[in-house]
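Asker: What follows is a structure written as structure tokens; I'll ask about it next.
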Amino acid sequence: MIRWRLPVLAAWGAAIVTALCVYLANFQIDNSVSIWFLEDDPELETYRHQSAKFDGKEWTYIWLRGESVFAPEFLRDLRLLGDEIKSFESVSRVVSLTDAGGIGKGEFGLPEYVELYALQAGDLPNENQAREHREKVRGSPLYIGRLVPRNDDHFTILALQNANRIDAKNPYRIQLMDQLRTAVSSYPAIQNFGIAGTAVINSELNRAAKRDMLIYYGLIAAFVLVGGWLATGSLRDLIVLSAVVTGTVAPTLGILGALDLPFNLMTVMLPTLLVTVSVSYLIHFISEFHTIRESEKRIETASAIASTFRQLLRPGLWTTVTTAIGFASLTVSPVAPIRHVGFFAATGIGIAWFSTVTIAPALLSLLWPNGRLKDRRAAVNAGGNRILEWLSQPRPLLAAALSVTMLVGAGGLLQLEADTNYVNFFRPGSDVRQDYEQLEKIDMPSSYLTVTVQFPEQTLFADQSRHEAMRSFEQSLLSLPGVMDVQSIDGLVEQLASEAGIEKASALYKALLGMGRTNQLGGADEFLTDNGKLVQLRAMTAAMSTRDINTFRVDFDELVKAQPEEWKIALTGTNVLWANMDAHVVRTQLLSIGIMAVVLVALLPLVFRSLTLGLLGFLVSFVPVLCTLGLMGWIGLPVNIATCILGGVVMGLAVDDTIYFLARVSQGRNLGLSIGEAAGQATRTTGRAMIKTSLILTGGFLTMTVSDFMPSVYFGMFFAFSILVALLADLIILPVLLRVVKW
């Protein structure tokens, strides 16, 4: 590498430029919902079938606040707003107080659609017209708890039906949300508003991914410059560090771009992961290089680099292997973004090691020629020397206290559960959280679960007995915990028949099928298709976590058993599919930890050629995982789509410093040192790099706490915590254990 350093650097430069060009040319953020669904989920096919049958639509709800939603000025603005929203490309239907209608008796006593609000757009109702409209709305159960709260005239709901293109990568939901906010803000009678629904959650998650990307990249670049300068104490080493980091991140992103794989909320974390890990590798290399130069005054640079290779090649290679396996263990996940993080992080780890053993020697030989060059390294290391000297002595009481604390922390594992509430993925005080909280305050639903019923081919839709059976099913559905309302064609028909004075509800069905419109719930096509053989219902709820949905599913399954056997009833929708991920998220966590545990138990004894050292290495590498997951359990933070990758990855990173430390201890023992002397020497030499790398990893992961995406915040916090636990275990507990087992 030294002899051919210029061609080596030129080749790396060309590779980096090419990779960046490929990455930038193919960069995209995947805004589709389907990437989060399980590819092997049998309910996904049900969802796609239902979505296709009902023309791929979903409902979004805008709550509006005014001095009074029945004031003339508010009704005028509401009508104009509804007409404006109807013109948006992704919107197919808008329902509000000014769209309210019902069924009346027309010519020859036949049912016909009747507008409750008959004014034209732009007309200002007079006080009597506004009062009459309020009386009509308040007098109909169709609208109470759906368009207006039961006892509050300050709020109303505008519901819109928008496209639900679950496989679309383009940001059409973000564009729709921007259009809605701009439109609503332009009407003076509307004092405040908020938006709820899966469309807004998905759009804001993808907006957060784009924001996080910009912030992460800026912060991590600043962190490399500032942290690298503080850790190395030399501008020359900072140049080496920056080159290796670039030589790691750029090729990995280039591969991602070449495979035409877009970024999402998970893969946007890749640069942060790769930067912190590649920096930590290099710190060990640079620290060892300068230790050799300073210990042997006349040694040439090339010889110092060669000695560094001999010292670190094996532990560096094994740490690369174990860390890469830690990330690769995530590829067992059926969730595509998690698999991508695992695969490309593992690939990047390999590239990081290759960069370290190619770019670093070439640049070090250029920037540190033979002879003494002054730098501020001595000043940087002065304070650390005292700490390392203190740590080099055995601290059994401190080790015992730390061990007990870690065991207590690990006890939180008994409290750990998997649960996901996508509203809580946003920071407290964020617009999304406040919008949902407001709907909860006024006792209005903010979400829904879709139920589909497939009737046998011979079933007559306009049949009174079928209608009554469905109404019974709907009433039972309404009684389930968490259900605030059930919207359905049968419930609608019953209410409209009552209002129109029609004795038999079944008399309305044929009229509805040909009428197209009904009322604020949409048209007949919103609830039924296939000539009435396939019907869907909406079980309206507050925002439900996946645990709530799974509990609901148990009750729902019992309810289904009581229905006619020939009915094919299914629970579906975006929320249901998201809930299905949680079981697989836990499975990913357990498999990842299990894979790493098996790998470390089998590999570490071979690495150190000692069963004792191997088992000790596994023990102290397993402790950070137990403490981290235990802490999550104690504070009530569940496992979710982001924190599920902590287990195996934490073990893969935690074992890195353990391998470097035990490799130095093993070397000391081979030179005839006692176990105490070998452990003390390892602390004074390798310990310095371990502290620096741990602080760099901690700082790198803490940059993720600025995210608007709370799982990323928790991921960064707990990863940083696990790295500090691993450092304490390596420098305080491991030396005491080595003396206890008298290896």
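Residues are referred to by chain and number: the chain letter is A, B, ... according to the order shown in the structure tokens, the number counts from 1 in that chain, and ligands are numbered separately from 1 in the order shown.
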Which residues of range 200-244 of chain A sit at most 9 Å from range 281-299 of chain A, using only C-alpha atoms? Give each one's shortest atom pair and distance in Å (one decimal place), in chain and ascending residue order, as JSON lines.
Answerer:
{"residue": "A:Gly228", "atom": "CA", "partner": "A:Ile283", "partner_atom": "CA", "distance": 8.7}
{"residue": "A:Ala231", "atom": "CA", "partner": "A:Ile283", "partner_atom": "CA", "distance": 7.9}
{"residue": "A:Thr232", "atom": "CA", "partner": "A:Ile283", "partner_atom": "CA", "distance": 7.7}
{"residue": "A:Asp237", "atom": "CA", "partner": "A:Ile286", "partner_atom": "CA", "distance": 7.4}
{"residue": "A:Val240", "atom": "CA", "partner": "A:Leu282", "partner_atom": "CA", "distance": 8.7}
{"residue": "A:Leu241", "atom": "CA", "partner": "A:Leu282", "partner_atom": "CA", "distance": 6.7}
{"residue": "A:Val244", "atom": "CA", "partner": "A:Leu282", "partner_atom": "CA", "distance": 7.8}
Asker: Restricted to N, CA and C atoms, what would the selected residues look like written as a short mmCIF file (atom, residue, chain, number, x, y, z; two decimals), in the first residue's frame?
Answerer:
data_model
loop_
_atom_site.label_atom_id
_atom_site.label_comp_id
_atom_site.auth_asym_id
_atom_site.auth_seq_id
_atom_site.Cartn_x
_atom_site.Cartn_y
_atom_site.Cartn_z
N GLY A 228 -13.28 14.09 15.18
CA GLY A 228 -12.00 13.57 14.69
C GLY A 228 -10.83 14.41 15.13
N ALA A 231 -10.29 13.75 18.84
CA ALA A 231 -9.82 12.39 19.12
C ALA A 231 -8.38 12.18 18.67
N THR A 232 -8.00 12.79 17.54
CA THR A 232 -6.66 12.54 17.01
C THR A 232 -5.66 13.61 17.39
N ASP A 237 -4.07 13.53 10.72
CA ASP A 237 -4.91 12.36 11.01
C ASP A 237 -6.37 12.64 10.67
N VAL A 240 -6.79 11.86 7.09
CA VAL A 240 -6.87 10.41 6.90
C VAL A 240 -8.27 9.91 7.28
N LEU A 241 -8.74 10.39 8.42
CA LEU A 241 -10.05 9.97 8.90
C LEU A 241 -11.15 10.34 7.90
N VAL A 244 -11.06 8.08 4.79
CA VAL A 244 -11.56 6.73 5.03
C VAL A 244 -13.08 6.73 5.15
#
Asker: Let's see if you can do this: from backbone DSSP, list all helix (DSSP H, G or I) residues in range 143-366 of chain A, as an MDAnalysis selection string.
Answerer: chainID A and resid 172:185 198:232 235:258 267:295 301:332 336:356 359:366
Asker: Write out as a PyMOL selection string the set of residues from range 394-612 of chain A that DSSP, computed on the backbone, places in strand (DSSP E).
Answerer: chain A and resi 447-454+483-487+528-529+534-541+568-572
Asker: So that I can see what lies close to range 598-603 of chain A, please list as JSON, numbers by chain the residues with an atom at most 7 Å from it, counting only C-alpha atoms and leaving out residues fewer than 2 positions away in the same chain.
Answerer: {"A": [594, 595, 596, 605, 606, 607, 614, 615, 618]}
Asker: Please identify all polymer residues within 6 Å of range 650-664 of chain A, counting only C-alpha atoms, omitting same-chain residues fewer than 4 positions from it, and present them as a PyMOL selection string.
Answerer: chain A and resi 315+319+322-323+326+621+646+682+690+726
Asker: Choose the residue, out of A:Val268, A:Ile255, A:Val576, A:Val224, that has the smallest atom-to-atom separation from Thr18 in chain A; count only C-alpha atoms.
Answerer: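 For Thr18 in chain A, the nearest of the given residues is A:Ile255.
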Asker: Can you list, as a PyMOL selection string, every protein, DNA or RNA residue that comes within 10 Å of Ala362 in chain A when you count only C-alpha atoms, leaving out same-chain residues fewer than 2 positions away?
Answerer: chain A and resi 1-9+240+302+305+356-360+364-367
Asker: Grab the CA of Gly648 in chain A to CA of Gly247 in chain A distance for me, in Å with one decimal place.
Answerer: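 Going from CA of Gly648 in chain A over to CA of Gly247 in chain A covers 25.4 Å.
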Asker: How many Å separate CA of Gln393 in chain A from CA of Thr693 in chain A?
Answerer: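 Between CA of Gln393 in chain A and CA of Thr693 in chain A the gap works out to 21.5 Å.
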